[in-house]
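Q: I have a structure I would like to understand better, so I am pasting it below and will then ask my questions one at a time.
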4 protein chains.
Amino acid sequence: MKTSRSGDGRVTGAPGSTSGSRKDGRPMVIVMAKSASPAEIQAVADRVHKAGGEAFVSRGINRVIIGLVGDIDQFATLNLAGMAGVAQLTRISAKYKLVSREQYPHRSIVEVCGVPIGPDTVTLIAGPCAVETPDQTLAAARMAQSAGATLLRGGAFKPRTSPYAFQGLGERGLRILSDVRAETGLPIVTEVVSTVDIDVVVEHADMLQIGTRNMHNFPLLQAVGSAGKPVMLKRGMNATIEEWLMAAEYIAQRGNLDIVLCERGIRTFETATRNTLDISAVPVVQALSHLPVIVDPSHSGGRRDLVLPLTRAAVVAGADGVIIDVHPEPDVALCDGPQALVAGDMAELGRTIENLTAFMGRKPPSWRETAA
Amino acid sequence: MKTSRSGDGRVTGAPGSTSGSRKDGRPMVIVMAKSASPAEIQAVADRVHKAGGEAFVSRGINRVIIGLVGDIDQFATLNLAGMAGVAQLTRISAKYKLVSREQYPHRSIVEVCGVPIGPDTVTLIAGPCAVETPDQTLAAARMAQSAGATLLRGGAFKPRTSPYAFQGLGERGLRILSDVRAETGLPIVTEVVSTVDIDVVVEHADMLQIGTRNMHNFPLLQAVGSAGKPVMLKRGMNATIEEWLMAAEYIAQRGNLDIVLCERGIRTFETATRNTLDISAVPVVQALSHLPVIVDPSHSGGRRDLVLPLTRAAVVAGADGVIIDVHPEPDVALCDGPQALVAGDMAELGRTIENLTAFMGRKPPSWRETAA
Amino acid sequence: MKTSRSGDGRVTGAPGSTSGSRKDGRPMVIVMAKSASPAEIQAVADRVHKAGGEAFVSRGINRVIIGLVGDIDQFATLNLAGMAGVAQLTRISAKYKLVSREQYPHRSIVEVCGVPIGPDTVTLIAGPCAVETPDQTLAAARMAQSAGATLLRGGAFKPRTSPYAFQGLGERGLRILSDVRAETGLPIVTEVVSTVDIDVVVEHADMLQIGTRNMHNFPLLQAVGSAGKPVMLKRGMNATIEEWLMAAEYIAQRGNLDIVLCERGIRTFETATRNTLDISAVPVVQALSHLPVIVDPSHSGGRRDLVLPLTRAAVVAGADGVIIDVHPEPDVALCDGPQALVAGDMAELGRTIENLTAFMGRKPPSWRETAA
Amino acid sequence: MKTSRSGDGRVTGAPGSTSGSRKDGRPMVIVMAKSASPAEIQAVADRVHKAGGEAFVSRGINRVIIGLVGDIDQFATLNLAGMAGVAQLTRISAKYKLVSREQYPHRSIVEVCGVPIGPDTVTLIAGPCAVETPDQTLAAARMAQSAGATLLRGGAFKPRTSPYAFQGLGERGLRILSDVRAETGLPIVTEVVSTVDIDVVVEHADMLQIGTRNMHNFPLLQAVGSAGKPVMLKRGMNATIEEWLMAAEYIAQRGNLDIVLCERGIRTFETATRNTLDISAVPVVQALSHLPVIVDPSHSGGRRDLVLPLTRAAVVAGADGVIIDVHPEPDVALCDGPQALVAGDMAELGRTIENLTAFMGRKPPSWRETAA
């Protein structure tokens with residue numbers, strides 16, 4: 001497994017070290033109340049200076065603004081917002097750094113056993129939502145592969161909202177996935193839901209998936225950051241883009257920059273779809289971060305008839321890949337059957353991705369080049 | 001102006017009449033509490049029968065379910081949910097009818113002065129957010145037209161959240177639009193914000209736009225339903241798809257089925273974009289309604305850099321058109337300048353739409369055919 | 001009808017004049033990109049100066065901040081955000097002024113035919129959601145009055161999401177309300193849904209209600225601003241508090257400061273209640289605006305069993321009143337029966353409000369004083 | 001530590017066993033499409049019968065409804081929604097059982113080292129958001145105790161959105177809490193963020209707190225379910241009430257019914273407050289579940305000025321307690337200082353709770369009785 005950066009490779013150094021982040025020189029702005037006295041203004045400036053920061057005081061007609069530069073994380077502990085005369089405090093700085101595109105302007109490529117995910121390709125990841133049996137998993141993998149998928153998804157540990165729902169086969173599911181990889185050659189993407197399971201998952205998986213309900217599970221983020229495998233980080237269904245990138249930063253801090261972000265829909269008031277796919281997140285995140293971004297059309301919509309149109313939308317919005325549920329017999333699936341594609345749909349989806357990949361000026365997957 | 005239906009033309013009859021809707025034969029389901037007594041069950045059935053409906057009582061092991069068929073709107077007035085022993089009441093029926101695809105399976109084409117919006121084409125509507133001057137409007141219209149736009153958008157009456165923001169030129173703006181139409185041949189789409197202004201807007205406009213903040217302004221919906229012009233109905237930023245279709249039903253009830261729905265983003269917790277474009281709404285609405293659906297990438301994202309990727313996404317998600325802000329000098333625009341496309345961007349957008357229209361198996365706009 | 005201000009009466013002058021608002025001296029902050037050149041910084045400052053504003057340039061270690069003071073609404077038209085080198089633009093200023101507590105620190109009292117709504121009292125407004133018959137309306141009014149209500153609510157014009165739902169009795173309903181006022185002495189609060197109906201509503205109503213779906217209906221806001229009657233402005237179900245106050249500003253601009261704000265729940269992902277009552281909005285709005293704030297526990301929850309606990313919560317959160325649905329026979333109500341209180345519940349609610357009014361150090365309604 | 005139920009004690013048996021839950025006899029309803037053929041209807045019924053369930057077919061005029069009774073979790077695996085002729089499938093059943101009030105009608109009392117939380121009392125839990133030093137923690141505990149708090153909150157492990165924010169003192173913090181308990185006698189409520197830390201937290205804590213970001217961390221829920229200590233389960237900021245109760249069911253399934261639910265605000269579009277306190281959740285949850293419900297006014301609003309009004313609202317809405325941030329010097333707090341109460345505010349809050357506890361007909365905390 002090798003990670004290349006399409007750019008300048010500035011990753012070298014100590015990405016896990018946080019010391020640099022605390023002196024990042026980005027500003028914070030304090031707006032003083034109209035009624036603020038000169039002594040109150042001075043007190044704010046003094047507290048900042050004492051903490052080693054710089055305070056720039058700008059006097060307007062009715063009000064004073066103070067710009068702060070220095071260790072913004074320390075400023076947060078100064079409780080400036082609570083000081084007399086302070087009307088408002090605006091933090092300008094981004095709260096992430098290692099995953100930021102401002103720091104690393106070139107978009108990254110993450111490789112999973114030689115399969116690239118990044119700006120030059122559109123990677124198709126597909127497989128069953130949940131691993132149920134060896135036959136079902138192999139059949140789904142064959143469907144995926146013949147449609148052009150170069151990575152196999154499949155859940156062995158399933159986080160389920162209801163304690164009465166199928167929770168996955170656990171380690172047995174991982175062994176099934178390993179067998180199917182041996183059979184098909186497809187590297188495996190699978191979810192890890194607990195730090196307790198991480199060793200066994202790492203043993204079998206080629207890429208670790210963090211699910212939407214665990215995006216704010218910080219110990220788990222740190223654990224996968226140290227696990228030595230690429231990570232797919234799904235967006236929390238209630239997470240802002242900024243929070244998502246901060247979650248990625250948790251992983252990056254531990255020295256792992258092989259992170260692929262996955263947009264999978266956010267929770268809104270609309271109930272016609274399971275979640276609302278935030279298609280704008282693809283270009284927005286790509287402007288903010290160098291990390292690759294893929295889309296999960298299956299789980300965002302939760303409806304089979306939406307998978308193909310949302311996949312098309314994802315590819316032309318600039319997504320670096322999609323991840324799709326397939327199932328040989330969705331009627332009897334133990335998990336999310338109503339959204340899984342069947343064989344014919346999957347083939348059509350593969351052809352569509354191929355066409356739109358060309359439209360977007362990207363390269364077809366290398367397995368096809370090799371095959372040709 | 002002529003409205004054709006690509007299907008069976010069942011629109012004939014009395015679309016404004018509501019009598020039919022009240023005997024629509026769709027069911028409602030009542031679940032009785034475990035503890036419900038036989039007398040309570042009988043009382044529910046009796047009340048339904050007395051109102052002329054049918055009640056089907058199904059006895060399960062622990063509970064009884066009653067299926068109701070008949071005049072569901074009258075059932076709503078019976079307050080069945082409040083009766084003793086009733087645990088839950090589920091309405092099965094859709095709340096709209098004239099705009100429903102279940103009623104009219106063939107997708108409609110709406111024509112605006114001969115320009116079609118519907119399943120066979122991808123219509124580009126473009127122009128300035130607000131009409132400011134004759135020169136600015138004409139320049140924007142030329143930009144739009146040379147990129148392939150066949151309809152001109154432009155706001156003369158602007159609904160603005162702040163009372164201190166520019167509110168539009170009013171009738172003067174409409175006259176500018178008329179002059180630009182005379183110059184370019186582009187039919188005009190413009191917003192109406194009040195029943196008071198409707199006559200003057202109808203005099204100039206070829207298509208009436210209902211903005212997001214007026215989607216629940218029912219008197220205005222009824223007024224445009226009677227105004228004899230095609231209507232573009234933007235989705236309320238807080239409206240579910242079902243509510244949006246009910247708003248369209250208000251227009252349809254007055255005898256006007258020339259309605260184009262416009263998805264323009266919904267309000268969510270995410271603040272990186274002005275609103276969250278609900279791209280899934282395009283296929284979802286097309287499955288529920290025969291009306292054409294277009295997308296507004298400019299206002300949903302509120303950022304110029306998102307207009308092109310969101311336009312691509314809209315077209316391949318199946319949108320029947322897009323509506324785009326252009327401005328010859330966005331730097332000095334009085335309204336929403338940060339999202340308006342400039343000339344070069346607009347040309348690129350036009351070429352992109354042309355390519356993706358072909359990809360989707362749709363026809364290029366007729367002006368181009370004519371020109372060829 | 002008389003409006004008093006509990007404070008300094010600074011309302012005198014020209015509340016409808018907007019000129020003052022455009023030179024309000026509140027700042028805007030521009031953060032320049034790291035890469036911004038001195039020429040780009042100068043260009044921003046120049047554009048501001050040319051527009052008559054002041055630009056304060058603060059140089060940090062890595063970045064420059066420019067504070068702007070002057071006519072911020074004009075700044076919005078300068079499109080500074082689009083200028084080369086500009087990274088971010090933060091508007092500090094509130095977007096409303098006449099309704100702002102910063103301008104008028106003393107909380108206002110709005111009087112409706114002598115009934116005060118404001119900081120010294122807890123006003124109970126109650127009545128039927130919709131006026132159906134003279135008997136029903138009179139019975140509901142008697143229930144309301146004997147529970148301590150001093151204002152009668154009742155809808156004659158009803159904005160309904162479904163075109164097939166009961167739309168109200170219109171002018172006939174207003175005449176019923178007038179008759180019930182003659183009988184009971186209770187002043188009338190009733191909704192106006194269209195500028196077309198405003199004259200007839202004003203003829204009968206003592207207070208005009210703007211419903212949640214019309215909070216962004218700006219022509220209607222302006223019309224009630226000129227109508228010479230107190231206004232109750234319900235919060236839009238998707239409106240931020242800031243937008244709500246800007247809507248109030250539309251009314252105030254026309255010279256009418258007799259505005260009572262009504263929190264009635266916002267739309268969220270939660271479906272257990274019709275809307276989510278934003279109880280925090282009461283103290284938040286009272287800190288931002290001098291206008292009275294009341295709460296509608298009936299429509300926010302949409303469930304009868306929530307009316308009493310939410311009323312208690314509203315009063316102790318500091319609400320200046322509540323507005324409650326009552327119905328003599330909720331089982332046959334044509335509108336929102338499931339949430340209407342019946343006689344016994346209403347009496348308990350009245351006693352509870354009385355007790356909590358004393359707890360909050362407020363005065364009982366004057367009718368009771370008079371009676372004593 | 002002892003858990004009593006105020007009711008019939010039906011908890012006896014095997015609360016951790018799930019077998020009972022799968023044959024719960026609650027119905028599911030299938031609505032067949034208008035066009036469904038008799039063979040399609042039969043096929044649905046057959047599939048249900050084959051799985052051991054019962055299918056009740058009701059024939060309406062235009063449509064057929066099938067009521068299902070039996071093992072609904074197994075039905076979910078039958079993929080009935082995907083069968084030919086099926087238009088809609090509605091699950092009637094609640095998805096939780098052990099925490100449901102339908103199963104256990106009497107509201108529960110959870111005791112933490114003898115301190116009750118339940119329907120007869122209003123328990124005040126207070127302390128510092130984060131444990132920083134022995135002096136700060138002891139001072140905060142003294143402030144809490146003299147205001148009437150009977151449980152001490154304090155965070156040693158802090159889940160923070162930003163990896164650059166203070167993450168808590170860990171085990172050292174727990175030892176400080178233990179020392180402060182020895183000094184004051186206040187039992188300790190503290191958060192556990194990872195299954196890895198659970199043993200050390202259990203060693204020191206009297207009640208385990210699951211934070212909002214971990215409500216969907218199912219392995220952690222199961223771990224605290226087996227840990228033998230009472231649990232406070234905060235609502236996920238994006239969780240529906242139903243999901244929250246399902247999360248509680250995860251804990252209950254492991255044999256632990258000593259669960260206190262804590263409403264702490266949900267994420268909405270409103271930005272004036274950190275989150276939107278869903279005050280309606282208190283009575284809604286109490287109608288659905290026998291578990292106690294408390295409110296966190298400090299974290300929902302995120303503003304000191306809202307703590308007192310939101311606390312008052314919580315108590316009269318029926319909350320069984322509140323949990324409050326206090327800090328001897330909020331100006332230098334390492335975490336959430338802007339919302340922490342200081343000494344005077346805390347004393348006022350204590351008095352207010354005491355008065356409203358009496359108003360609600362509940363008992364004062366026993367420490368006061370003992371003291372008297």
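Starting from 1 in every chain, residues are counted up; chains themselves are A, B, ... following the order of the structure tokens, and ligands are numbered from 1 as listed.
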Got a sec to pull out which chain A residues are within 6 Å of chain B, counting only C-alpha atoms, and send them as an NGL selection string?

A: :A and (240 or 270 or 309 or 312-313 or 316-317)

Q: Store the residues picked out above, limited to C-alpha atoms, as an mmCIF file, in the first residue's frame.

A:
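File written: again11.cif
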data_model
loop_
_atom_site.group_PDB
_atom_site.id
_atom_site.type_symbol
_atom_site.label_atom_id
_atom_site.label_comp_id
_atom_site.auth_asym_id
_atom_site.auth_seq_id
_atom_site.Cartn_x
_atom_site.Cartn_y
_atom_site.Cartn_z
ATOM 1 C CA THR A 240 -21.308 20.389 8.995
ATOM 2 C CA GLU A 270 -37.537 16.167 4.051
ATOM 3 C CA PRO A 309 -29.550 9.478 -11.148
ATOM 4 C CA ARG A 312 -24.622 10.436 -12.445
ATOM 5 C CA ALA A 313 -24.986 13.637 -10.445
ATOM 6 C CA VAL A 316 -20.298 15.227 -12.831
ATOM 7 C CA ALA A 317 -20.271 17.211 -9.600
#

Q: Show me, as an MDAnalysis selection string, the residues that have an atom within 6 Å of D:Gly321 when counting only C-alpha atoms, minus same-chain residues fewer than 4 positions from it.

A: chainID D and resid 122:124 294

Q: DSSP on the backbone, then: every residue of stretch 34-274 of chain A marked strand (DSSP E or B), written as number ranges by chain.

A: A: 54-59, 64-69, 86-91, 100, 108-112, 115-117, 121, 123-127, 130, 151-153, 155, 188-191, 207-210, 231-234, 259-263, 266

Q: Extract, using only C-alpha atoms, all DNA, RNA and protein residues at most 12 Å from A:Ile117, discarding same-chain residues fewer than 3 positions from it, and format them as an mmCIF file with N, CA and C atoms, in the first residue's frame.

A:
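Wrote it out as around.cif, contents follow:
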data_model
loop_
_atom_site.group_PDB
_atom_site.id
_atom_site.type_symbol
_atom_site.label_atom_id
_atom_site.label_comp_id
_atom_site.auth_asym_id
_atom_site.auth_seq_id
_atom_site.Cartn_x
_atom_site.Cartn_y
_atom_site.Cartn_z
ATOM 1 N N LYS A 2 0.573 2.119 -0.889
ATOM 2 C CA LYS A 2 1.434 3.288 -1.036
ATOM 3 C C LYS A 2 0.561 4.505 -1.239
ATOM 4 N N THR A 3 0.944 5.560 -0.597
ATOM 5 C CA THR A 3 0.190 6.784 -0.766
ATOM 6 C C THR A 3 1.020 7.793 -1.518
ATOM 7 N N SER A 4 0.527 8.232 -2.629
ATOM 8 C CA SER A 4 1.242 9.288 -3.336
ATOM 9 C C SER A 4 0.425 10.564 -3.228
ATOM 10 N N ARG A 5 1.073 11.667 -3.323
ATOM 11 C CA ARG A 5 0.356 12.933 -3.389
ATOM 12 C C ARG A 5 0.606 13.450 -4.794
ATOM 13 N N SER A 6 -0.421 13.956 -5.420
ATOM 14 C CA SER A 6 -0.231 14.406 -6.794
ATOM 15 C C SER A 6 0.586 15.683 -6.818
ATOM 16 N N ARG A 107 -4.393 18.313 -4.909
ATOM 17 C CA ARG A 107 -5.348 17.308 -4.451
ATOM 18 C C ARG A 107 -4.647 15.951 -4.328
ATOM 19 N N SER A 108 -4.933 15.233 -3.276
ATOM 20 C CA SER A 108 -4.245 13.973 -2.972
ATOM 21 C C SER A 108 -4.857 12.787 -3.707
ATOM 22 N N ILE A 109 -4.034 11.780 -3.905
ATOM 23 C CA ILE A 109 -4.490 10.476 -4.380
ATOM 24 C C ILE A 109 -4.257 9.477 -3.245
ATOM 25 N N VAL A 110 -5.293 8.748 -2.877
ATOM 26 C CA VAL A 110 -5.140 7.683 -1.887
ATOM 27 C C VAL A 110 -5.176 6.361 -2.641
ATOM 28 N N GLU A 111 -4.207 5.498 -2.370
ATOM 29 C CA GLU A 111 -4.196 4.193 -3.043
ATOM 30 C C GLU A 111 -4.554 3.080 -2.077
ATOM 31 N N VAL A 112 -5.442 2.200 -2.530
ATOM 32 C CA VAL A 112 -5.826 1.038 -1.737
ATOM 33 C C VAL A 112 -5.371 -0.197 -2.498
ATOM 34 N N CYS A 113 -4.268 -0.798 -2.059
ATOM 35 C CA CYS A 113 -3.680 -1.943 -2.769
ATOM 36 C C CYS A 113 -3.518 -1.640 -4.252
ATOM 37 N N GLY A 114 -3.047 -0.454 -4.544
ATOM 38 C CA GLY A 114 -2.797 -0.108 -5.937
ATOM 39 C C GLY A 114 -3.971 0.532 -6.654
ATOM 40 N N ASP A 120 -7.755 11.986 -10.690
ATOM 41 C CA ASP A 120 -7.567 11.524 -12.072
ATOM 42 C C ASP A 120 -8.540 10.426 -12.479
ATOM 43 N N THR A 121 -9.278 9.891 -11.525
ATOM 44 C CA THR A 121 -10.102 8.708 -11.778
ATOM 45 C C THR A 121 -11.475 8.874 -11.146
ATOM 46 N N VAL A 122 -12.370 7.940 -11.485
ATOM 47 C CA VAL A 122 -13.651 7.831 -10.773
ATOM 48 C C VAL A 122 -13.757 6.373 -10.325
ATOM 49 N N THR A 123 -13.510 6.146 -9.061
ATOM 50 C CA THR A 123 -13.411 4.784 -8.552
ATOM 51 C C THR A 123 -14.785 4.257 -8.155
ATOM 52 N N LEU A 124 -15.097 3.072 -8.645
ATOM 53 C CA LEU A 124 -16.365 2.436 -8.279
ATOM 54 C C LEU A 124 -16.106 1.383 -7.200
ATOM 55 N N ILE A 125 -16.706 1.616 -6.056
ATOM 56 C CA ILE A 125 -16.639 0.669 -4.941
ATOM 57 C C ILE A 125 -18.037 0.078 -4.815
ATOM 58 N N THR A 150 -13.595 -1.662 -8.661
ATOM 59 C CA THR A 150 -12.220 -2.066 -8.397
ATOM 60 C C THR A 150 -11.958 -2.244 -6.911
ATOM 61 N N LEU A 151 -12.967 -1.957 -6.101
ATOM 62 C CA LEU A 151 -12.883 -2.222 -4.665
ATOM 63 C C LEU A 151 -14.207 -2.842 -4.236
ATOM 64 N N MET A 207 -9.102 -1.262 3.455
ATOM 65 C CA MET A 207 -9.473 0.123 3.775
ATOM 66 C C MET A 207 -10.516 0.059 4.885
ATOM 67 N N PRO A 230 -5.549 2.766 4.827
ATOM 68 C CA PRO A 230 -6.365 3.896 4.359
ATOM 69 C C PRO A 230 -7.737 3.871 5.043
ATOM 70 N N VAL A 231 -8.316 5.049 5.171
ATOM 71 C CA VAL A 231 -9.588 5.194 5.878
ATOM 72 C C VAL A 231 -10.612 5.876 4.980
ATOM 73 N N MET A 232 -11.829 5.358 4.959
ATOM 74 C CA MET A 232 -12.937 6.086 4.350
ATOM 75 C C MET A 232 -13.794 6.650 5.468
ATOM 76 N N ASP A 258 -3.979 9.035 4.516
ATOM 77 C CA ASP A 258 -4.688 8.253 3.493
ATOM 78 C C ASP A 258 -6.174 8.201 3.817
ATOM 79 N N ILE A 259 -6.811 9.358 3.685
ATOM 80 C CA ILE A 259 -8.215 9.493 4.085
ATOM 81 C C ILE A 259 -9.046 9.847 2.853
ATOM 82 N N VAL A 260 -10.121 9.118 2.652
ATOM 83 C CA VAL A 260 -11.093 9.442 1.609
ATOM 84 C C VAL A 260 -12.384 9.836 2.312
ATOM 85 N N LEU A 261 -12.904 11.009 1.960
ATOM 86 C CA LEU A 261 -14.153 11.490 2.554
ATOM 87 C C LEU A 261 -15.328 10.951 1.748
ATOM 88 N N CYS A 262 -16.423 10.599 2.418
ATOM 89 C CA CYS A 262 -17.584 10.064 1.721
ATOM 90 C C CYS A 262 -18.859 10.799 2.131
ATOM 91 N N LEU A 291 -8.105 16.237 0.302
ATOM 92 C CA LEU A 291 -8.483 14.814 0.343
ATOM 93 C C LEU A 291 -9.490 14.468 -0.752
ATOM 94 N N PRO A 292 -9.453 13.235 -1.256
ATOM 95 C CA PRO A 292 -10.462 12.790 -2.224
ATOM 96 C C PRO A 292 -11.849 12.726 -1.570
ATOM 97 N N VAL A 293 -12.886 12.913 -2.377
ATOM 98 C CA VAL A 293 -14.272 12.877 -1.906
ATOM 99 C C VAL A 293 -15.065 11.934 -2.796
ATOM 100 N N ILE A 294 -15.733 10.980 -2.193
ATOM 101 C CA ILE A 294 -16.634 10.116 -2.945
ATOM 102 C C ILE A 294 -18.056 10.282 -2.408
ATOM 103 N N ALA A 319 -17.128 14.135 -8.033
ATOM 104 C CA ALA A 319 -16.754 13.109 -7.054
ATOM 105 C C ALA A 319 -15.640 12.232 -7.604
ATOM 106 N N ASP A 320 -14.770 11.783 -6.719
ATOM 107 C CA ASP A 320 -13.632 10.949 -7.107
ATOM 108 C C ASP A 320 -13.993 9.464 -7.078
ATOM 109 N N GLY A 321 -15.261 9.192 -6.816
ATOM 110 C CA GLY A 321 -15.718 7.809 -6.809
ATOM 111 C C GLY A 321 -17.105 7.728 -6.223
ATOM 112 N N VAL A 322 -17.684 6.540 -6.317
ATOM 113 C CA VAL A 322 -18.971 6.280 -5.668
ATOM 114 C C VAL A 322 -18.906 4.919 -5.003
ATOM 115 N N ILE A 323 -19.744 4.751 -4.001
ATOM 116 C CA ILE A 323 -19.827 3.475 -3.295
ATOM 117 C C ILE A 323 -21.281 3.021 -3.331
ATOM 118 N N ARG A 362 -11.415 12.241 -17.027
ATOM 119 C CA ARG A 362 -10.667 11.374 -16.111
ATOM 120 C C ARG A 362 -10.361 10.042 -16.798
ATOM 121 N N LYS A 363 -9.489 9.258 -16.169
ATOM 122 C CA LYS A 363 -9.029 8.004 -16.758
ATOM 123 C C LYS A 363 -9.914 6.840 -16.333
ATOM 124 N N PRO A 364 -10.076 5.851 -17.204
ATOM 125 C CA PRO A 364 -10.794 4.643 -16.807
ATOM 126 C C PRO A 364 -9.955 3.887 -15.769
ATOM 127 N N PRO A 365 -10.584 3.003 -15.005
ATOM 128 C CA PRO A 365 -9.830 2.239 -14.008
ATOM 129 C C PRO A 365 -8.775 1.368 -14.669
ATOM 130 N N SER A 366 -7.662 1.176 -13.970
ATOM 131 C CA SER A 366 -6.506 0.513 -14.577
ATOM 132 C C SER A 366 -6.769 -0.956 -14.889
#

Q: Write out as a list of chain:residue names each polymer residue whose atoms come within 12 Å of D:Asp46, counting only C-alpha atoms; drop sequence neighbours fewer than 6 positions from it.

A: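 Everything that qualifies: D:Ala39, D:Glu40, D:Gly52, D:Gly53, D:Glu54, D:Ala55, D:Phe56, D:Val57, D:Ile66, D:Leu68, D:Leu78, D:Leu80, D:Met83.
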
Q: Just the number, please: distance in Å from atom CA of D:Tyr250 to atom CA of C:Arg274, one decimal.

A: 27.5 Å

Q: Using only C-alpha atoms, which residues sit within 9 Å of B:Leu186 once same-chain residues fewer than 6 positions away are excluded, as a PyMOL selection string?

A: chain B and resi 141+145+149-152+180

Q: Please save N, CA and C atoms of the selected residues as a compact mmCIF listing (two decimals), in the first residue's frame.

A:
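Below is the file that was written, result_20.txt:
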# COMPACT_ATOMS: atom_id res chain seq x y z
N ALA B 141 -28.84 39.58 -21.21
CA ALA B 141 -29.66 38.77 -22.13
C ALA B 141 -28.82 38.28 -23.30
N GLN B 145 -28.26 34.49 -24.21
CA GLN B 145 -28.69 33.95 -25.50
C GLN B 145 -27.52 33.30 -26.24
N ALA B 149 -29.36 30.08 -24.02
CA ALA B 149 -30.60 30.30 -23.27
C ALA B 149 -31.73 30.61 -24.25
N THR B 150 -32.90 30.06 -23.97
CA THR B 150 -34.07 30.31 -24.82
C THR B 150 -35.16 31.06 -24.06
N LEU B 151 -34.92 31.31 -22.79
CA LEU B 151 -35.83 32.14 -21.99
C LEU B 151 -34.98 33.09 -21.16
N LEU B 152 -35.52 34.30 -20.95
CA LEU B 152 -34.80 35.32 -20.18
C LEU B 152 -35.42 35.46 -18.80
N VAL B 180 -36.14 44.46 -23.93
CA VAL B 180 -35.08 43.50 -24.22
C VAL B 180 -35.64 42.29 -24.96

Q: What does the structure give for the distance between atom CA of D:Ser37 and atom CA of D:Ile65, in Å to one decimal?

A: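 Separation of atom CA of D:Ser37 and atom CA of D:Ile65: 12.8 Å.
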
Q: Please list as a list in words every residue within 8 Å of A:Pro105, counting only C-alpha atoms and excluding residues in the same chain fewer than 2 positions away.

A: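 The residues satisfying every condition are Gly7, Arg101, Glu102, Gln103, Arg107 and His290 of chain A.
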
Q: Go ahead and save the picked residues with C-alpha atoms, as a CSV table (one decimal), in the first residue's frame.

A:
chain,number,residue,atom,x,y,z
A,7,GLY,CA,1.6,17.5,-5.6
A,101,ARG,CA,-6.0,22.6,0.9
A,102,GLU,CA,-4.7,25.9,2.0
A,103,GLN,CA,-1.8,24.0,3.5
A,107,ARG,CA,-5.3,17.3,-4.5
A,290,HIS,CA,-6.8,18.1,-0.6

Q: In Å to one decimal, how far is atom CA of A:Met32 from atom CA of C:Val86?

A: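 Here the two named atoms are 23.3 Å from each other.
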